[in-house]
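Let me begin by presenting the structure, written as structure tokens, before commenting on it.
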Amino acid sequence: MATYINLTGVFPSFLRIFLLAAIVVLVTLNVYTGTYERLVHQSRNMLALAEVDDIYDIRWETGRPNISELDARPQHLPSTAPSNYKKHIGFLKVHKAASTTAQAIMLRFGWVWNLTFILPHEFNEFQYPNIISIWDSITEQNILPPPPGRTYDILCHHVVYNRDAWAKVLPADTAIISTIREPLAHFRSVVNYFEPDVLKMLANTSHDPIKEFLSSKELLENEIPKYSFLNNRVSFEYGVPLNIIKSRNITAFNAYINDVLDKEFLVVIIAERFNEGLVLMKRMLNWNLKDILYAMKNRNPYAPVFTVTEDHREMHRQYAALDYLLYEHFVNRFNHQIDLEGESFQREVEHFKKTRQGFETFCHVDVNYKDYVTVPASEFNAEFRVDASDCDLMHIQEMDFTQKIRARQYGSATWTF
């Protein structure tokens with residue numbers, strides 16, 4: 001039977017002694033096999049982990065799964081799920097709105113449960129196998145048919161939302177989820193990620209190309225919503241009709257929110273409150289805590305090319321008026337949904353944040369793939385275990401994961417960078 005060692009109690013000193021003794025034995029056994037440097041590196045990381053005092057109740061087990069246990073779950077498939085455990089998911093992946101991180105959760109969930117994904121053609125007009133469309137919704141031409149004998153379960157790749165188009169391919173009980181980001185922060189991220197040509201051109205002659213762009217009626221009018229990442233792009237991706245965006249018809253816009261989005265979207269996660277959003281989603285979908293663990297994705301590591309400040313907000317609000325209204329609407333709805341969850345909600349958010357921190361720590365330590373960590377039961381979760389295979393799934397990049405799914409679902413995936 002496995003023995004638990006809690007890293008946060010009175011054990012750290014004992015654990016260091018134990019680990020140092022283990023190092024001596026292991027070095028003796030491995031010095032002739034050429035693994036000395038790797039072993040020392042692993043051991044230092046293990047000692048570093050013993051220094052962590054904010055891992056909450058996540059505990060290492062001294063027991064390890066035997067080979068038969070590992071072989072018994074090669075696809076990492078759970079055995080059972082509650083009857084109301086929602087597995088039909090439509091995730092609207094909105095550009096630059098924490099959507100890649102959220103999508104990774106969907107990809108992992110679908111993989112674990114062997115769900116059937118709606119996938120784009122591997123070789124398509126966008127030249128990437130993970131994009132269905134960036135300017136249209138789902139059509140028979142831009143997605144693959146489901147494998148023989150199966151129906152679609154989950155959608156989570158880039159495509160514009162359209163209620164009727166999505167309803168044609170997804171089951172009737174599908175939960176529609178998305179994310180949204182504060183508009184000025186979204187604008188800042190978009191211009192520095194995509195570096196639009198119009199801004200690069202203005203930067204040649206202006207010390208403030210953002211102000212120059214936002215104050216130019218001619219340049220703004222040239223940004224056709226369907227093909228622009230700047231002109232109320234979030235509203236467009238949420239399926240707001242082009243005529244409403246072009247006319248700035250606020251009455252028609254509000255009607256679309258009330259008649260379509262509020263009725264169809266179960267949860268819209270506010271990017272600035274991502275952990276709260278995931279816990280809300282978990283409760284709405286009746287998922288497990290393990291299902292929503294994540295690693296941050298698609299962060300831009302480079303210094304910004306264009307400076308966007310609060311001084312630009314009013315000009316940007318006039319230009320992206322619909323995106324501001326959409327964001328403010330979903331923030332209000334988000335707050336109301338959380339209020340309905342009661343006083344336990346924030347406790348679960350804190351529990352989730354600490355559990356995720358411990359999971360990240362485990363995954364970033366260079367340990368043997370047989371090592372695992374057990375998360376004890378709490379008022380918010382049953383006891384569960386994570387190991388290196390969970391870490392691999394959490395950190396795999398979108399393109400690679402899409403191709404991994406494609407190969408399992410259709411038997412072939414040949415696209416490469």
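Quick note on naming: the chains in the structure tokens go A, B, ... in the order shown, residues restart at 1 in each chain, and ligands are numbered from 1 in order of appearance.
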
ask   = Please, which residues of segment 189-401 of chain A, numbered as in this document, come out alpha helix (DSSP H) from DSSP, as an NGL selection string?
value = :A and (189-194 or 197-203 or 209-214 or 217-222 or 233-237 or 242-247 or 250-256 or 262-264 or 274-285 or 313-319 or 321-341 or 344-363 or 388-395 or 398-401)

key: Selection near Ala104 of chain A, 10 Å with only C-alpha atoms, sequence-local residues under 6 positions removed, as an MDAnalysis selection string   = chainID A and resid 110 156 292:297 393:398 401

Next, dump the selected residues to file, keeping only N, CA and C atoms, as a PDB file, in the first residue's frame.
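Below is the file that was written, again_14.pdb:
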ATOM      1  N   GLY A 110     -11.784  16.042 -24.259  1.00  0.00           N
ATOM      2  CA  GLY A 110     -12.260  15.217 -25.356  1.00  0.00           C
ATOM      3  C   GLY A 110     -11.378  14.025 -25.619  1.00  0.00           C
ATOM      4  N   CYS A 156     -14.081  22.799 -30.800  1.00  0.00           N
ATOM      5  CA  CYS A 156     -13.265  23.756 -30.026  1.00  0.00           C
ATOM      6  C   CYS A 156     -12.168  24.418 -30.862  1.00  0.00           C
ATOM      7  N   ILE A 292     -10.463  20.585 -15.114  1.00  0.00           N
ATOM      8  CA  ILE A 292     -10.218  21.994 -15.428  1.00  0.00           C
ATOM      9  C   ILE A 292      -8.799  22.448 -15.095  1.00  0.00           C
ATOM     10  N   LEU A 293      -7.921  21.536 -14.695  1.00  0.00           N
ATOM     11  CA  LEU A 293      -6.529  21.911 -14.493  1.00  0.00           C
ATOM     12  C   LEU A 293      -5.944  22.384 -15.819  1.00  0.00           C
ATOM     13  N   TYR A 294      -5.012  23.308 -15.765  1.00  0.00           N
ATOM     14  CA  TYR A 294      -4.496  23.875 -17.012  1.00  0.00           C
ATOM     15  C   TYR A 294      -3.096  24.430 -16.838  1.00  0.00           C
ATOM     16  N   ALA A 295      -2.441  24.666 -17.980  1.00  0.00           N
ATOM     17  CA  ALA A 295      -1.189  25.421 -18.046  1.00  0.00           C
ATOM     18  C   ALA A 295      -1.434  26.602 -18.969  1.00  0.00           C
ATOM     19  N   MET A 296      -0.839  27.750 -18.679  1.00  0.00           N
ATOM     20  CA  MET A 296      -1.042  28.923 -19.520  1.00  0.00           C
ATOM     21  C   MET A 296      -0.493  28.676 -20.916  1.00  0.00           C
ATOM     22  N   LYS A 297      -1.228  29.149 -21.936  1.00  0.00           N
ATOM     23  CA  LYS A 297      -0.859  28.911 -23.331  1.00  0.00           C
ATOM     24  C   LYS A 297      -0.792  30.224 -24.107  1.00  0.00           C
ATOM     25  N   LEU A 393      -0.363  15.781 -21.462  1.00  0.00           N
ATOM     26  CA  LEU A 393      -1.581  16.266 -22.105  1.00  0.00           C
ATOM     27  C   LEU A 393      -1.823  17.733 -21.806  1.00  0.00           C
ATOM     28  N   MET A 394      -1.437  18.179 -20.606  1.00  0.00           N
ATOM     29  CA  MET A 394      -1.670  19.565 -20.230  1.00  0.00           C
ATOM     30  C   MET A 394      -0.751  20.511 -21.007  1.00  0.00           C
ATOM     31  N   HIS A 395       0.437  20.055 -21.361  1.00  0.00           N
ATOM     32  CA  HIS A 395       1.415  20.947 -21.967  1.00  0.00           C
ATOM     33  C   HIS A 395       1.562  20.786 -23.477  1.00  0.00           C
ATOM     34  N   ILE A 396       0.900  19.822 -24.071  1.00  0.00           N
ATOM     35  CA  ILE A 396       1.007  19.654 -25.513  1.00  0.00           C
ATOM     36  C   ILE A 396       0.403  20.868 -26.214  1.00  0.00           C
ATOM     37  N   GLN A 397       1.043  21.313 -27.283  1.00  0.00           N
ATOM     38  CA  GLN A 397       0.582  22.503 -27.992  1.00  0.00           C
ATOM     39  C   GLN A 397      -0.602  22.188 -28.897  1.00  0.00           C
ATOM     40  N   GLU A 398      -1.378  23.218 -29.194  1.00  0.00           N
ATOM     41  CA  GLU A 398      -2.632  23.042 -29.928  1.00  0.00           C
ATOM     42  C   GLU A 398      -2.453  22.288 -31.241  1.00  0.00           C
ATOM     43  N   PHE A 401      -1.640  18.670 -30.596  1.00  0.00           N
ATOM     44  CA  PHE A 401      -2.779  17.951 -30.016  1.00  0.00           C
ATOM     45  C   PHE A 401      -3.834  17.692 -31.101  1.00  0.00           C
TER      46      PHE A 401
END

Exercise: His95 of chain A partners within 9 Å, only C-alpha atoms, chain neighbours under 4 positions left out, as a compact mmCIF listing (two decimals) with C-alpha atoms, in the first residue's frame:
# COMPACT_ATOMS: atom_id res chain seq x y z
CA SER A 99 -9.04 30.98 -25.57
CA THR A 100 -6.00 28.79 -26.30
CA HIS A 158 -11.38 28.48 -34.58
CA HIS A 186 -7.82 42.61 -26.17
CA VAL A 190 -4.21 41.76 -31.01
CA PHE A 229 -8.99 41.73 -36.28
CA ARG A 233 -13.74 41.51 -33.96
CA VAL A 234 -15.09 39.87 -30.82
CA GLU A 237 -16.73 36.05 -33.82

ask   = Hey, what's within 10 Å of segment 117-119 of chain A if we count only C-alpha atoms and toss same-chain stuff fewer than 4 positions away? As JSON, numbers by chain, please?
value = {"A": [88, 89, 90, 107, 110, 111, 129, 130, 131, 132, 138, 142, 143, 144, 145, 146, 147, 151, 152, 153, 154, 155, 156, 157, 158, 169, 170, 402, 403, 405, 406, 409]}

Just the selected residues (N, CA and C atoms), exported as a compact mmCIF listing (two decimals), in the first residue's frame, please.
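Listing of result_23.txt after writing:
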# COMPACT_ATOMS: atom_id res chain seq x y z
N HIS A 88 -21.01 16.90 -24.31
CA HIS A 88 -21.23 17.55 -25.60
C HIS A 88 -20.95 19.05 -25.43
N ILE A 89 -19.87 19.50 -26.06
CA ILE A 89 -19.36 20.84 -25.82
C ILE A 89 -19.15 21.56 -27.15
N GLY A 90 -19.63 22.80 -27.22
CA GLY A 90 -19.29 23.70 -28.30
C GLY A 90 -18.53 24.88 -27.71
N LEU A 107 -9.59 20.17 -25.36
CA LEU A 107 -8.88 19.14 -26.11
C LEU A 107 -8.55 17.95 -25.22
N GLY A 110 -11.78 16.04 -24.26
CA GLY A 110 -12.26 15.22 -25.36
C GLY A 110 -11.38 14.03 -25.62
N TRP A 111 -10.07 14.21 -25.45
CA TRP A 111 -9.13 13.10 -25.65
C TRP A 111 -9.32 12.03 -24.58
N PRO A 129 -3.80 23.12 -39.76
CA PRO A 129 -4.79 22.05 -39.56
C PRO A 129 -5.70 22.26 -38.36
N ASN A 130 -5.54 23.39 -37.66
CA ASN A 130 -6.35 23.65 -36.47
C ASN A 130 -7.35 24.78 -36.67
N ILE A 131 -7.52 25.26 -37.90
CA ILE A 131 -8.44 26.36 -38.18
C ILE A 131 -9.55 25.87 -39.11
N ILE A 132 -10.79 25.99 -38.65
CA ILE A 132 -11.93 25.70 -39.51
C ILE A 132 -12.19 26.89 -40.41
N ILE A 138 -19.46 27.22 -39.54
CA ILE A 138 -19.32 25.85 -40.01
C ILE A 138 -20.15 25.62 -41.27
N ASN A 142 -16.09 22.99 -44.90
CA ASN A 142 -14.88 23.32 -44.14
C ASN A 142 -14.62 22.41 -42.94
N ILE A 143 -15.40 21.34 -42.78
CA ILE A 143 -15.11 20.36 -41.72
C ILE A 143 -15.13 18.95 -42.30
N LEU A 144 -14.49 18.04 -41.59
CA LEU A 144 -14.50 16.64 -41.97
C LEU A 144 -15.76 15.96 -41.46
N PRO A 145 -16.28 14.99 -42.16
CA PRO A 145 -17.42 14.24 -41.63
C PRO A 145 -16.96 13.40 -40.44
N PRO A 146 -17.87 13.04 -39.55
CA PRO A 146 -17.46 12.19 -38.42
C PRO A 146 -17.05 10.81 -38.94
N PRO A 147 -16.22 10.09 -38.19
CA PRO A 147 -15.86 8.73 -38.60
C PRO A 147 -17.11 7.85 -38.71
N THR A 151 -20.97 10.15 -34.16
CA THR A 151 -21.50 11.50 -34.35
C THR A 151 -20.61 12.47 -33.58
N TYR A 152 -20.68 13.73 -33.94
CA TYR A 152 -19.85 14.73 -33.29
C TYR A 152 -20.22 14.91 -31.82
N ASP A 153 -19.19 15.14 -30.99
CA ASP A 153 -19.40 15.43 -29.57
C ASP A 153 -18.91 16.81 -29.18
N ILE A 154 -17.85 17.28 -29.84
CA ILE A 154 -17.18 18.47 -29.30
C ILE A 154 -16.59 19.31 -30.44
N LEU A 155 -16.73 20.61 -30.29
CA LEU A 155 -16.16 21.60 -31.21
C LEU A 155 -15.33 22.57 -30.40
N CYS A 156 -14.08 22.80 -30.80
CA CYS A 156 -13.26 23.76 -30.03
C CYS A 156 -12.17 24.42 -30.86
N HIS A 157 -12.27 24.36 -32.19
CA HIS A 157 -11.29 25.02 -33.04
C HIS A 157 -11.87 26.30 -33.63
N HIS A 158 -10.97 27.17 -34.08
CA HIS A 158 -11.38 28.48 -34.58
C HIS A 158 -12.45 28.38 -35.66
N VAL A 169 -24.67 20.49 -36.56
CA VAL A 169 -23.62 19.47 -36.40
C VAL A 169 -23.44 19.00 -34.95
N LEU A 170 -23.90 19.78 -33.99
CA LEU A 170 -23.73 19.42 -32.59
C LEU A 170 -25.02 18.86 -32.01
N THR A 402 -4.05 18.70 -31.95
CA THR A 402 -5.02 18.53 -33.03
C THR A 402 -4.61 17.37 -33.93
N GLN A 403 -3.34 17.29 -34.25
CA GLN A 403 -2.87 16.21 -35.12
C GLN A 403 -2.92 14.86 -34.41
N ILE A 405 -5.18 14.05 -32.19
CA ILE A 405 -6.60 13.69 -32.25
C ILE A 405 -6.97 13.21 -33.66
N ARG A 406 -6.48 13.93 -34.66
CA ARG A 406 -6.78 13.58 -36.05
C ARG A 406 -6.32 12.15 -36.36
N GLN A 409 -8.61 9.71 -34.62
CA GLN A 409 -9.98 9.75 -35.11
C GLN A 409 -10.11 9.26 -36.56

ask   = Could you pull the residues within 6 Å of Val386 of chain A, counting only C-alpha atoms, minus those fewer than 3 positions along the same chain, as a PyMOL selection string?
value = chain A and resi 372-373+390

With a distance cut-off of 6 Å and only C-alpha atoms, select the neighbouring residues of segment 267-277 of chain A, excluding the residue or stretch itself and same-chain residues fewer than 3 positions from it, and output the selection as a PDB file with N, CA and C atoms, in the first residue's frame.
ATOM      1  N   ALA A  98      -7.693  34.474 -23.907  1.00  0.00           N
ATOM      2  CA  ALA A  98      -7.415  33.310 -23.059  1.00  0.00           C
ATOM      3  C   ALA A  98      -8.023  32.037 -23.651  1.00  0.00           C
ATOM      4  N   ILE A 177     -19.865  27.251 -24.715  1.00  0.00           N
ATOM      5  CA  ILE A 177     -18.953  27.948 -23.785  1.00  0.00           C
ATOM      6  C   ILE A 177     -18.073  28.889 -24.601  1.00  0.00           C
ATOM      7  N   SER A 178     -17.626  29.977 -24.003  1.00  0.00           N
ATOM      8  CA  SER A 178     -16.616  30.812 -24.659  1.00  0.00           C
ATOM      9  C   SER A 178     -15.888  31.658 -23.612  1.00  0.00           C
ATOM     10  N   THR A 179     -15.018  32.522 -24.107  1.00  0.00           N
ATOM     11  CA  THR A 179     -14.281  33.463 -23.253  1.00  0.00           C
ATOM     12  C   THR A 179     -14.440  34.858 -23.844  1.00  0.00           C
ATOM     13  N   ILE A 180     -14.182  35.856 -23.046  1.00  0.00           N
ATOM     14  CA  ILE A 180     -14.188  37.237 -23.529  1.00  0.00           C
ATOM     15  C   ILE A 180     -13.196  38.031 -22.687  1.00  0.00           C
ATOM     16  N   ARG A 181     -12.591  39.039 -23.303  1.00  0.00           N
ATOM     17  CA  ARG A 181     -11.523  39.797 -22.641  1.00  0.00           C
ATOM     18  C   ARG A 181     -11.845  41.283 -22.672  1.00  0.00           C
ATOM     19  N   LEU A 280     -16.857  28.044 -12.332  1.00  0.00           N
ATOM     20  CA  LEU A 280     -18.258  28.170 -12.724  1.00  0.00           C
ATOM     21  C   LEU A 280     -18.596  27.163 -13.819  1.00  0.00           C
ATOM     22  N   VAL A 349     -12.838  28.321  -5.573  1.00  0.00           N
ATOM     23  CA  VAL A 349     -11.863  28.994  -6.433  1.00  0.00           C
ATOM     24  C   VAL A 349     -10.479  28.968  -5.790  1.00  0.00           C
TER      25      VAL A 349
END

task = Determine, counting only C-alpha atoms, which protein, DNA and RNA residues have an atom within 12 Å of an atom of His316 of chain A; residues of the same chain fewer than 3 positions away are not included. Present the result as a PyMOL selection string.
result = chain A and resi 182-188+210-216+220+230-232+308-313+319-324

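The smallest atom-to-atom distance between Met284 of chain A and any of A:Asn204, A:Gln318, A:Asn258, A:Asn84, using only C-alpha atoms, is found for A:Asn84.
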
note = Correct to one decimal, the distance atom CA of Val260 of chain A-atom CA of Leu115 of chain A is 26.7 Å

ask   = Of the candidates A:Ser247, A:Thr174, A:Asn162, A:Thr307, which one gets nearest to Pro209 of chain A if we count only C-alpha atoms?
value = A:Thr307

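The closest residue to Asp400 of chain A, picked from A:Phe384, A:Phe417, A:Tyr227, A:Phe306 and counting only C-alpha atoms, is A:Phe417.
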
query = Smallest atom-to-atom distance to Phe362 of chain A: which of A:Asn332, A:Ser235, A:Thr116, A:Thr374, using only C-alpha atoms?
reply = A:Thr374

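Checking A:Tyr85, A:Val240, A:Pro171, A:Phe123 one by one against Ala252 of chain A, counting only C-alpha atoms, you find the shortest gap at A:Val240.
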
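The residues of segment 200-316 of chain A that DSSP classifies as strand (DSSP E or B), using the backbone of this structure, are Phe265, Leu266, Val267, Val268, Ile269 and Ile270 of chain A.
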
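When atom CA of Phe194 of chain A is paired with atom CA of Glu218 of chain A, their separation reads 21.0 Å.
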